[in-house]
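Asker: Following this message is one structure expressed as structure tokens.
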Amino acid sequence: MHSIPAIPIEYLLLVGSILVLLSIIIAKVSDSLGLPMLLLFIAIGMLAGSEGIGGIYFDNARAAQSIGIVALIFILFAGGFDTKWSSVRPVVWQAVGLSTLGVFLTALSVGIFTSYLFGFSPLEGFLLGSVVSSTDAAAVFAVLRSRNISLKGNIRSLLELESGSNDPMAVFLTIGAIQLITANRTSPLGIVTQFILQMGIGVMFGLMTGHVMVLALNRLKIWFEGIYPVMVLAFVAFTYGAATLTGGSGFLAVYVAGLVAGNSEFVQKKSLLRFFDGFAWLSQIGMFLTLGLLVFPSQVMAVMGIGLLVSVFLMFVARPLGVFLTLSFSRNGWRDKAFVSWVGLRGAVPIVLAIFPLIAGLPGARMLFNLVFFIVLTSALLQGWSVPIVARLLKVDAPLEPKQRHPIEFAPTEGINADLVDFIVPYDSTVVGRSIVELGLPQDTLVVLIGRDDEYIVPSGGTILREGDTLLVLASAESLPEVRATLQNVKPHHMT
């Protein structure tokens with residue numbers, strides 16, 4: 001394994017910035033064509049590599065692993081930070097099942113398939129299955145959120161929660177398989193005990209640091225707004241490091257911490273959401289470019305035959321088997337399960353995990369890495385672009401609801417017990433045709449703005465409300481239930 005030669009920092013900054021800017025520019029084109037951005041970023045890295053037009057030689061697996069882990073930390077935190085607990089709460093147990101039992105069943109079935117068909121040893125086959133067993137949070141978030149896909153029921157919440165929480169299981173299975181292969185005196189029972197301990201410590205650290213972070217953000221009066229993102233970045237790094245060093249799952253810890261913080265109220269929350277959204281994209285681009293640089297296309301071509309068969313088995317047998325068995329007792333219909341099975345996108349996580357055997361020095365580790373890389377490319381090509389089409393074929397898509405954007409924002413700060421909430425006036429509401437002053441809203445409530453027919457109106461007390469109006473109301477937490485009951489109260493319908 002070669003080390004990175006001494007390169008001037010100016011050169012690294014120039015080349016790195018060009019690659020990132022090129023990725024962003026081409027991403028706009030690829031999005032309009034329906035191509036997954038994951039595939040684009042990796043392709044640019046491969047083109048810039050030693051066998052591409054860029055000629056950049058990079059063969060440092062440990063450096064690539066470190067970059068991948070750091071990027072995944074912030075991608076997972078941003079995913080949890082942007083997840084609403086109210087939307088995922090109904091599917092928590094289904095997601096937990098897919099993140100544990102579903103991942104294990106996928107790994108086991110791929111292991112049996114490869115050991116039976118290609119002559120891998122059972123442990124080598126299970127190692128390959130473990131590496132490709134989890135869906136990738138970065139890929140799933142990117143596809144669902146950038147392609148404007150609207151889904152029925154709780155399918156979207158289930159997919160996002162599963163993809164954000166199943167990486168720890170894949171990491172655990174991969175490390176456990178490596179330990180068994182290297183005869184590291186680890187028994188299957190010891191691995192199960194270790195798994196329970198890792199998950200428990202990870203959840204505990206995530207809950208603890210998430211609450212401490214929210215408390216610190218609200219209590220510390222920092223005059224410089226730019227310090228808040230720095231503070232949260234430090235909390236995220238601390239969460240991963242502390243959880244991992246104490247024997248827990250650092251990936252699970254940062255995701256839980258993001259989930260706790262994202263569903264709490266604290267100062268600068270909206271600006272932090274925007275910051276971490278952009279930071280997560282930067283992490284994805286940097287990670288995919290690095291992994292693209294690490295691979296040698298000529299070596300990947302050599303495993304195309306095996307890779308294609310494993311990819312087809314993974315997409316059409318292993319993943320559906322894990323999903324349908326895990327969700328067999330849920331209320332989800334077969335269409336929902338089939339769609340969840342198809343959105344089993346593989347991305348950067350399997351590639352990062354495929355570096356672990358390289359660093360451990362296992363025989364055939366380079367071939368396994370190339371095989372995993374090809375599987376990820378196949379998943380991005382066949383599954384990534386086809387998600388909207390499959391949603392329509394399975395009839396699980398829903399009419400797209402445009403995200404409401406308002407010309408003003410309100411960020412709760414210390415000492416202000418109020419929030420800006422939007423209400424849509426139903427067509428049969430009792431307030432239709434009445435003026436604002438006639439509504440009798442609480443004294444600490446103010447109708448700030450009215451959205452009507454793609455226009456915004458600054459209201460007065462005499463403004464008459466119409467059906468379909470969107471009212472931006474500034475109200476205290478105590479008054480919100482009364483405001484909601486008043487604005488959304490509907491006329492009684494008489495039976496004839």
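Each chain of the structure tokens is named A, B, ... in the order shown, its residues numbered from 1; ligands are numbered from 1 in display order.
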Set out as JSON lines a contact list for segment 292-311 of chain A and segment 348-362 of chain A with a cut-off of 12 Å, giving each residue of segment 292-311 of chain A that qualifies its closest atom pair and distance in Å to one decimal, counting only C-alpha atoms, ordered by chain and rising residue number.

Answerer:
{"residue": "A:Gly292", "atom": "CA", "partner": "A:Ile351", "partner_atom": "CA", "distance": 9.9}
{"residue": "A:Leu294", "atom": "CA", "partner": "A:Ile355", "partner_atom": "CA", "distance": 10.1}
{"residue": "A:Val295", "atom": "CA", "partner": "A:Ile351", "partner_atom": "CA", "distance": 9.9}

Asker: Would you list the contacts of Glu482 of chain A as a list of chain:residue names, taking every protein, DNA or RNA residue within 12 Å and counting only C-alpha atoms, but skipping same-chain residues closer than 5 positions in sequence?

Answerer: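 Within the cut-off, the hits are A:Leu439, A:Gly440, A:Leu441, A:Pro442, A:Gln443, A:Asp444, A:Thr445, A:Ala475, A:Ser476, A:Ala477, A:Leu487, A:Gln488, A:Asn489.
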
Asker: With distances taken over only C-alpha atoms, which of A:Pro320, A:Gly344, A:Gly451, A:Gly45 is nearest to Leu159 of chain A?

Answerer: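 Of A:Pro320, A:Gly344, A:Gly451, A:Gly45, the one nearest Leu159 of chain A, counting only C-alpha atoms, is A:Gly344.
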
Asker: Just the alpha helix (DSSP H) stuff from segment 239-412 of chain A, please, per backbone DSSP, written as a ChimeraX atom specification.

Answerer: /A:239-245,250-262,269-294,297-301,304-313,319-326,334-342,348-360,365-379,387-393

Asker: Could you produce a table of the residues of segment 169-255 of chain A lying within 12 Å of segment 279-288 of chain A, with the nearest pair of atoms per residue and their separation in Å rounded to one decimal, using only C-alpha atoms, ordered by chain and increasing residue number, as JSON lines?

Answerer:
{"residue": "A:Pro229", "atom": "CA", "partner": "A:Phe279", "partner_atom": "CA", "distance": 10.3}
{"residue": "A:Val230", "atom": "CA", "partner": "A:Phe279", "partner_atom": "CA", "distance": 11.8}
{"residue": "A:Leu233", "atom": "CA", "partner": "A:Phe279", "partner_atom": "CA", "distance": 10.2}

Asker: From the list A:Leu14, A:Ala391, A:Ile457, A:Leu474, which residue is nearest Leu151 of chain A when using only C-alpha atoms?

Answerer: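 When distances to Leu151 of chain A are compared using only C-alpha atoms, the smallest one comes from A:Ala391.
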